[in-house]
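Coordinates as given in target_14.cif (mmCIF, C-alpha atoms):
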data_run
loop_
_atom_site.group_PDB
_atom_site.id
_atom_site.type_symbol
_atom_site.label_atom_id
_atom_site.label_comp_id
_atom_site.auth_asym_id
_atom_site.auth_seq_id
_atom_site.Cartn_x
_atom_site.Cartn_y
_atom_site.Cartn_z
ATOM 1 C CA MET A 1 116.207 124.576 115.487
ATOM 2 C CA ALA A 2 116.412 122.200 118.465
ATOM 3 C CA VAL A 3 113.490 121.639 120.793
ATOM 4 C CA ALA A 4 113.890 123.930 123.765
ATOM 5 C CA PRO A 5 114.479 122.081 127.067
ATOM 6 C CA ILE A 6 111.882 122.557 129.776
ATOM 7 C CA ALA A 7 112.609 123.081 133.451
ATOM 8 C CA SER A 8 110.230 120.375 134.620
ATOM 9 C CA LEU A 9 108.310 117.480 133.168
ATOM 10 C CA PRO A 10 104.592 117.772 132.428
ATOM 11 C CA THR A 11 102.787 117.322 135.734
ATOM 12 C CA GLU A 12 99.455 115.994 134.447
ATOM 13 C CA GLY A 13 98.833 112.419 133.360
ATOM 14 C CA PRO A 14 101.157 109.418 133.719
ATOM 15 C CA ASP A 15 104.534 109.508 135.401
ATOM 16 C CA ALA A 16 107.000 110.831 132.827
ATOM 17 C CA ALA A 17 109.822 110.762 135.360
ATOM 18 C CA GLY A 18 109.284 107.036 135.891
ATOM 19 C CA LEU A 19 109.287 106.467 132.143
ATOM 20 C CA LEU A 20 112.601 108.292 131.855
ATOM 21 C CA GLU A 21 114.063 106.140 134.601
ATOM 22 C CA ASP A 22 112.884 103.018 132.786
ATOM 23 C CA LEU A 23 114.602 104.157 129.590
ATOM 24 C CA ARG A 24 117.845 104.827 131.465
ATOM 25 C CA THR A 25 118.074 101.165 132.476
ATOM 26 C CA GLY A 26 117.935 99.771 128.941
ATOM 27 C CA GLY A 27 121.415 100.551 127.688
ATOM 28 C CA PRO A 28 122.103 101.870 124.157
ATOM 29 C CA THR A 29 118.662 102.249 122.598
ATOM 30 C CA LEU A 30 117.319 102.514 119.066
ATOM 31 C CA VAL A 31 113.962 104.267 118.628
ATOM 32 C CA ALA A 32 111.868 103.300 115.602
ATOM 33 C CA LEU A 33 111.008 106.856 114.564
ATOM 34 C CA SER A 34 108.224 107.429 112.055
ATOM 35 C CA GLY A 35 106.969 110.908 111.267
ATOM 36 C CA GLY A 36 104.236 110.557 113.892
ATOM 37 C CA VAL A 37 103.988 112.145 117.297
ATOM 38 C CA ASP A 38 104.015 108.869 119.279
ATOM 39 C CA SER A 39 107.488 107.754 118.254
ATOM 40 C CA ALA A 40 108.677 111.367 118.356
ATOM 41 C CA VAL A 41 107.797 111.533 122.050
ATOM 42 C CA VAL A 42 109.678 108.280 122.699
ATOM 43 C CA ALA A 43 112.690 109.654 120.804
ATOM 44 C CA HIS A 44 112.586 112.821 122.910
ATOM 45 C CA LEU A 45 112.318 110.857 126.141
ATOM 46 C CA ALA A 46 115.089 108.456 125.111
ATOM 47 C CA HIS A 47 117.384 111.341 124.219
ATOM 48 C CA ARG A 48 116.701 112.979 127.582
ATOM 49 C CA ALA A 49 117.304 109.724 129.395
ATOM 50 C CA LEU A 50 120.321 108.433 127.500
ATOM 51 C CA GLY A 51 121.887 111.315 125.596
ATOM 52 C CA ASP A 52 124.236 110.019 122.908
ATOM 53 C CA ARG A 53 123.384 106.408 123.804
ATOM 54 C CA ALA A 54 119.972 106.925 122.189
ATOM 55 C CA ARG A 55 119.581 106.844 118.428
ATOM 56 C CA ALA A 56 116.592 107.016 116.110
ATOM 57 C CA ALA A 57 116.012 105.021 112.940
ATOM 58 C CA THR A 58 113.408 105.725 110.281
ATOM 59 C CA LEU A 59 112.462 102.878 108.001
ATOM 60 C CA VAL A 60 112.286 103.763 104.319
ATOM 61 C CA GLY A 61 110.686 101.683 101.612
ATOM 62 C CA PRO A 62 107.997 101.641 98.923
ATOM 63 C CA ALA A 63 105.077 101.717 101.401
ATOM 64 C CA VAL A 64 106.375 104.618 103.489
ATOM 65 C CA PRO A 65 104.909 108.017 102.525
ATOM 66 C CA PRO A 66 107.806 110.313 101.529
ATOM 67 C CA GLY A 67 106.391 113.087 103.690
ATOM 68 C CA GLU A 68 106.687 110.855 106.744
ATOM 69 C CA VAL A 69 110.404 110.397 106.158
ATOM 70 C CA ASP A 70 110.881 114.148 105.788
ATOM 71 C CA ARG A 71 108.897 114.791 108.964
ATOM 72 C CA ALA A 72 110.870 112.194 110.921
ATOM 73 C CA THR A 73 114.119 113.788 109.793
ATOM 74 C CA SER A 74 112.922 117.222 110.909
ATOM 75 C CA VAL A 75 111.767 115.867 114.267
ATOM 76 C CA ALA A 76 115.092 114.131 114.898
ATOM 77 C CA GLN A 77 116.947 117.335 114.089
ATOM 78 C CA ALA A 78 114.700 119.295 116.444
ATOM 79 C CA ILE A 79 115.277 116.821 119.262
ATOM 80 C CA GLY A 80 119.011 116.563 118.587
ATOM 81 C CA ILE A 81 119.004 112.767 118.511
ATOM 82 C CA ALA A 82 121.315 110.907 116.115
ATOM 83 C CA HIS A 83 119.209 109.708 113.202
ATOM 84 C CA VAL A 84 119.613 107.141 110.442
ATOM 85 C CA LEU A 85 117.446 105.947 107.538
ATOM 86 C CA VAL A 86 117.168 102.147 107.339
ATOM 87 C CA PRO A 87 115.899 100.533 104.104
ATOM 88 C CA ALA A 88 113.260 97.808 104.423
ATOM 89 C CA ASP A 89 111.297 96.375 101.508
ATOM 90 C CA PRO A 90 108.367 94.096 102.412
ATOM 91 C CA LEU A 91 107.577 93.655 98.706
ATOM 92 C CA THR A 92 110.227 90.926 98.738
ATOM 93 C CA VAL A 93 107.789 88.765 100.769
ATOM 94 C CA ASP A 94 105.121 86.879 98.819
ATOM 95 C CA ALA A 95 102.689 86.822 101.744
ATOM 96 C CA TYR A 96 102.867 90.609 102.066
ATOM 97 C CA ARG A 97 102.266 91.211 98.354
ATOM 98 C CA ALA A 98 99.141 89.014 98.517
ATOM 99 C CA ASN A 99 97.669 91.562 100.966
ATOM 100 C CA PRO A 100 95.894 89.240 103.431
ATOM 101 C CA ALA A 101 94.182 90.423 106.610
ATOM 102 C CA ASN A 102 97.429 89.956 108.549
ATOM 103 C CA ARG A 103 99.547 91.821 105.984
ATOM 104 C CA CYS A 104 101.042 94.036 108.694
ATOM 105 C CA TYR A 105 102.611 91.005 110.368
ATOM 106 C CA PHE A 106 104.798 90.284 107.352
ATOM 107 C CA CYS A 107 105.663 93.948 106.890
ATOM 108 C CA ARG A 108 106.710 94.381 110.516
ATOM 109 C CA GLN A 109 108.779 91.218 110.367
ATOM 110 C CA VAL A 110 110.824 92.735 107.555
ATOM 111 C CA GLU A 111 111.085 96.104 109.296
ATOM 112 C CA ALA A 112 112.064 94.666 112.671
ATOM 113 C CA SER A 113 114.700 92.504 111.020
ATOM 114 C CA ALA A 114 116.166 95.573 109.311
ATOM 115 C CA LEU A 115 116.246 97.524 112.575
ATOM 116 C CA ARG A 116 117.920 94.713 114.462
ATOM 117 C CA ALA A 117 120.484 94.162 111.710
ATOM 118 C CA TRP A 118 121.471 97.820 111.873
ATOM 119 C CA GLY A 119 121.413 97.791 115.656
ATOM 120 C CA THR A 120 123.616 94.726 115.927
ATOM 121 C CA GLU A 121 126.286 96.485 113.888
ATOM 122 C CA HIS A 122 126.107 99.587 116.091
ATOM 123 C CA GLY A 123 125.994 98.169 119.609
ATOM 124 C CA ILE A 124 122.285 98.627 120.284
ATOM 125 C CA ALA A 125 120.958 96.771 123.331
ATOM 126 C CA ARG A 126 117.297 97.827 123.287
ATOM 127 C CA TYR A 127 114.736 98.568 120.577
ATOM 128 C CA VAL A 128 111.669 100.701 121.306
ATOM 129 C CA ASP A 129 108.707 102.134 119.431
ATOM 130 C CA GLY A 130 105.818 104.545 120.005
ATOM 131 C CA LEU A 131 103.018 102.074 120.764
ATOM 132 C CA HIS A 132 100.701 103.312 123.532
ATOM 133 C CA ALA A 133 97.611 102.140 125.394
ATOM 134 C CA ASP A 134 95.128 103.343 122.763
ATOM 135 C CA ASP A 135 96.793 101.160 120.114
ATOM 136 C CA VAL A 136 96.080 97.761 121.616
ATOM 137 C CA GLY A 137 92.278 97.490 121.430
ATOM 138 C CA ASP A 138 92.163 96.193 117.852
ATOM 139 C CA ASP A 139 93.579 93.097 116.210
ATOM 140 C CA ARG A 140 97.069 94.331 115.346
ATOM 141 C CA PRO A 141 99.217 91.580 113.810
ATOM 142 C CA GLY A 142 102.008 94.103 113.324
ATOM 143 C CA ILE A 143 102.336 94.457 117.089
ATOM 144 C CA ARG A 144 102.770 90.697 117.419
ATOM 145 C CA ALA A 145 105.628 90.781 114.915
ATOM 146 C CA MET A 146 107.363 93.582 116.812
ATOM 147 C CA ASP A 147 106.899 91.734 120.104
ATOM 148 C CA GLU A 148 108.406 88.595 118.604
ATOM 149 C CA ALA A 149 111.400 90.643 117.451
ATOM 150 C CA GLY A 150 111.990 91.979 120.959
ATOM 151 C CA VAL A 151 110.853 95.550 120.349
ATOM 152 C CA SER A 152 109.501 97.078 123.568
ATOM 153 C CA HIS A 153 106.829 99.711 124.075
ATOM 154 C CA PRO A 154 107.737 102.172 126.855
ATOM 155 C CA LEU A 155 104.613 104.325 126.465
ATOM 156 C CA LEU A 156 102.366 101.275 126.720
ATOM 157 C CA ARG A 157 104.237 99.976 129.738
ATOM 158 C CA ALA A 158 103.814 103.366 131.434
ATOM 159 C CA GLY A 159 100.087 103.492 130.634
ATOM 160 C CA TRP A 160 100.240 106.531 128.360
ATOM 161 C CA ARG A 161 97.349 107.206 126.002
ATOM 162 C CA LYS A 162 97.120 109.511 122.973
ATOM 163 C CA PRO A 163 96.116 112.634 124.945
ATOM 164 C CA ASP A 164 99.131 112.079 127.228
ATOM 165 C CA VAL A 165 101.397 111.809 124.198
ATOM 166 C CA ARG A 166 100.020 115.022 122.672
ATOM 167 C CA ARG A 167 100.301 116.859 125.991
ATOM 168 C CA TYR A 168 103.940 115.908 126.451
ATOM 169 C CA ALA A 169 104.748 116.763 122.811
ATOM 170 C CA ARG A 170 103.265 120.240 123.217
ATOM 171 C CA ALA A 171 105.024 120.780 126.538
ATOM 172 C CA VAL A 172 108.449 120.126 125.039
ATOM 173 C CA GLY A 173 107.703 121.858 121.747
ATOM 174 C CA LEU A 174 107.876 118.965 119.304
ATOM 175 C CA PRO A 175 107.158 120.273 115.786
ATOM 176 C CA ASN A 176 104.668 117.468 115.033
ATOM 177 C CA ALA A 177 102.780 117.704 118.338
ATOM 178 C CA ASP A 178 99.450 118.237 116.582
ATOM 179 C CA ALA A 179 100.145 116.467 113.283
ATOM 180 C CA PRO A 180 97.445 113.994 112.198
ATOM 181 C CA SER A 181 98.289 110.313 112.349
ATOM 182 C CA ASP A 182 99.364 108.613 109.147
ATOM 183 C CA ALA A 183 99.730 105.002 108.056
ATOM 184 C CA CYS A 184 101.686 103.074 105.471
ATOM 185 C CA LEU A 185 100.603 103.372 101.848
ATOM 186 C CA ALA A 186 99.668 99.678 101.731
ATOM 187 C CA SER A 187 96.786 100.442 104.098
ATOM 188 C CA ARG A 188 95.111 102.272 101.194
ATOM 189 C CA ILE A 189 94.915 99.120 99.072
ATOM 190 C CA ALA A 190 91.834 96.947 99.590
ATOM 191 C CA ARG A 191 92.425 93.642 101.342
ATOM 192 C CA GLY A 192 93.091 90.873 98.861
ATOM 193 C CA ALA A 193 94.076 93.238 96.055
ATOM 194 C CA PRO A 194 97.752 92.528 95.382
ATOM 195 C CA ILE A 195 100.271 95.108 96.528
ATOM 196 C CA SER A 196 102.792 96.234 93.935
ATOM 197 C CA LEU A 197 105.379 98.958 93.567
ATOM 198 C CA ASP A 198 103.232 100.615 90.901
ATOM 199 C CA ARG A 199 100.113 100.680 93.078
ATOM 200 C CA LEU A 200 101.991 102.083 96.059
ATOM 201 C CA GLY A 201 103.636 104.709 93.880
ATOM 202 C CA ARG A 202 100.334 105.835 92.381
ATOM 203 C CA VAL A 203 98.779 106.229 95.821
ATOM 204 C CA ALA A 204 101.774 108.254 96.995
ATOM 205 C CA LEU A 205 101.610 110.561 93.976
ATOM 206 C CA ALA A 206 97.833 110.979 94.219
ATOM 207 C CA GLU A 207 98.011 111.930 97.898
ATOM 208 C CA GLU A 208 100.909 114.286 97.230
ATOM 209 C CA ARG A 209 98.803 116.123 94.648
ATOM 210 C CA LEU A 210 95.918 116.449 97.081
ATOM 211 C CA ARG A 211 98.182 117.819 99.807
ATOM 212 C CA ALA A 212 99.489 120.332 97.292
ATOM 213 C CA LYS A 213 95.897 121.585 97.069
ATOM 214 C CA GLY A 214 95.904 122.295 100.802
ATOM 215 C CA PHE A 215 94.306 119.166 102.257
ATOM 216 C CA VAL A 216 95.955 118.105 105.520
ATOM 217 C CA ARG A 217 94.745 114.527 106.091
ATOM 218 C CA VAL A 218 94.360 112.566 102.865
ATOM 219 C CA ARG A 219 93.646 108.951 101.976
ATOM 220 C CA VAL A 220 93.385 107.681 98.409
ATOM 221 C CA ARG A 221 91.941 104.189 98.767
ATOM 222 C CA THR A 222 92.002 101.800 95.849
ATOM 223 C CA ASP A 223 91.311 98.268 94.716
ATOM 224 C CA GLY A 224 94.026 98.722 92.120
ATOM 225 C CA VAL A 225 91.585 99.935 89.457
ATOM 226 C CA ASP A 226 89.369 102.631 90.951
ATOM 227 C CA ALA A 227 90.103 105.203 93.669
ATOM 228 C CA ARG A 228 88.148 106.816 96.483
ATOM 229 C CA VAL A 229 89.374 110.082 98.003
ATOM 230 C CA GLU A 230 88.925 110.788 101.701
ATOM 231 C CA VAL A 231 89.818 114.033 103.457
ATOM 232 C CA ASP A 232 88.981 115.302 106.936
ATOM 233 C CA PRO A 233 85.209 115.780 107.363
ATOM 234 C CA ALA A 234 85.722 119.520 107.848
ATOM 235 C CA GLU A 235 87.434 119.696 104.446
ATOM 236 C CA VAL A 236 84.813 117.693 102.547
ATOM 237 C CA PRO A 237 82.766 120.748 101.420
ATOM 238 C CA ARG A 238 85.841 122.240 99.753
ATOM 239 C CA LEU A 239 86.715 118.914 98.122
ATOM 240 C CA LEU A 240 83.218 118.580 96.660
ATOM 241 C CA ALA A 241 82.924 122.183 95.480
ATOM 242 C CA ALA A 242 83.407 123.191 91.846
ATOM 243 C CA PRO A 243 85.820 123.585 90.180
ATOM 244 C CA LEU A 244 88.138 121.769 92.619
ATOM 245 C CA ALA A 245 86.152 118.515 92.551
ATOM 246 C CA ALA A 246 86.465 118.174 88.782
ATOM 247 C CA SER A 247 90.167 119.025 88.973
ATOM 248 C CA VAL A 248 90.842 116.313 91.575
ATOM 249 C CA VAL A 249 88.965 113.680 89.576
ATOM 250 C CA ALA A 250 90.778 114.622 86.366
ATOM 251 C CA GLU A 251 94.235 114.563 87.974
ATOM 252 C CA LEU A 252 93.721 111.163 89.575
ATOM 253 C CA ARG A 253 92.359 109.705 86.356
ATOM 254 C CA GLU A 254 95.517 110.939 84.653
ATOM 255 C CA LEU A 255 97.419 108.708 87.091
ATOM 256 C CA GLY A 256 95.576 105.686 85.724
ATOM 257 C CA TYR A 257 92.553 105.259 87.991
ATOM 258 C CA ALA A 258 89.502 104.233 85.947
ATOM 259 C CA ARG A 259 86.917 105.742 88.275
ATOM 260 C CA VAL A 260 87.476 108.326 91.002
ATOM 261 C CA THR A 261 84.972 108.866 93.829
ATOM 262 C CA LEU A 262 85.089 111.768 96.277
ATOM 263 C CA ASP A 263 83.878 110.441 99.631
ATOM 264 C CA GLU A 264 81.158 112.739 100.950
ATOM 265 C CA HIS A 265 81.590 111.480 104.525
ATOM 266 C CA GLY A 266 85.323 112.110 104.745
ATOM 267 C CA TYR A 267 88.059 110.280 106.590
ATOM 268 C CA ARG A 268 86.997 107.752 109.223
ATOM 269 C CA THR A 269 89.390 106.311 111.773
ATOM 270 C CA ARG A 270 90.427 102.722 111.062
ATOM 271 C CA ALA A 271 93.040 100.588 112.757
ATOM 272 C CA GLY A 272 96.342 101.211 111.002
ATOM 273 C CA ALA A 273 94.738 103.111 108.117
#
Translate the structure of the given file into structure tokens.
Amino acid sequence: MAVAPIASLPTEGPDAAGLLEDLRTGGPTLVALSGGVDSAVVAHLAHRALGDRARAATLVGPAVPPGEVDRATSVAQAIGIAHVLVPADPLTVDAYRANPANRCYFCRQVEASALRAWGTEHGIARYVDGLHADDVGDDRPGIRAMDEAGVSHPLLRAGWRKPDVRRYARAVGLPNADAPSDACLASRIARGAPISLDRLGRVALAEERLRAKGFVRVRVRTDGVDARVEVDPAEVPRLLAAPLAASVVAELRELGYARVTLDEHGYRTRAGA
């Protein structure tokens, strides 16, 4: 079902009308659409501003949680924007696999290159993402890579922050308006521990099993040998309660983790994690 149009733009917060006008001036535009609400709002705005001249692309690869791809597809269908899946594999880059502190730079280089290659073939003039004002306070090497590739950030330029994004998403009825933020699977692997297809796959499967048990926000962090499970603080009591705790530990050990710890503090916000 498509998102229902609204008669007027949200009146609180930054100037959405000005942001729409900015998008109209950019020519055929490709939105880097993850499953998150930030890029979903940009896709909605771009579609309103440009109609069929706006398209959305979701990057797919070994570090992208499968659920994020499914969510992005559903969001694109709800908006009515043309949508494509673009493969990008950062595991082909030695520096990325080594997992240094600036790992995201190498990943975003690969992803931006894939977006631009697709866009060049399809007449795209402008590339945009969902970066906003709350994203720029930390050291974010991935942002530098996107800047170098010519990807622009309309929400950031308009001064939008996360509450503004959520408010707009609710106003227009986006299906992921209140979805928790996610991050690439590589963010679960401790810095300096090499990234491999096997390690990414195990994290994906472990988190899928936890979501199947009803947990909404899940992180399975690993050094490649052991694993630590984080869920939202409000869900920690259920995670730690018998018999579920023993079941979680047993299932993750079956996946090959030597030692499994259930974090009693729960998920804590980290940049890009």
Once the PyMOL selection byres ((chain A and resi 142) around 12) is applied to the coordinates I shared, what remains selected? I want it as a PyMOL selection string. chain A and resi 96+101-112+131+135-136+138-141+143-149+151+184+271-272
Would you translate the PyMOL selection byres ((chain A and resi 130) around 9) into the concrete set of residues it matches in this file, as an MDAnalysis selection string? chainID A and resid 31:34 36:43 128:129 131:132 153:156
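Of the residues listed (A:Arg259, A:Arg71, A:Lys213, A:Arg199), A:Arg199 shows the shortest atom-to-atom separation from Arg97 (chain A); distances use only C-alpha atoms.
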In Å, how far is it from CA of Ala193 (chain A) to CA of Gly137 (chain A)?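 Those two atoms sit 25.8 Å apart.
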Residue members of the PyMOL selection byres ((chain A and resi 86-94) around 8) in the file shown, as a ChimeraX atom specification: /A:57-62,84-85,95-98,106-107,110-111,114-115,118,195-197
So which residues fall inside 12 Å of (110.2, 107.7, 135.6) if we count all atoms listed in the file? Mind giving them as a PyMOL selection string? chain A and resi 9-10+14-25+45-46+48-49+154-155+157-158
In Å, with one decimal, what is the gap from CA of Arg188 (chain A) to CA of Arg221 (chain A)?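 Separating CA of Arg188 (chain A) from CA of Arg221 (chain A) is a distance of 4.4 Å.
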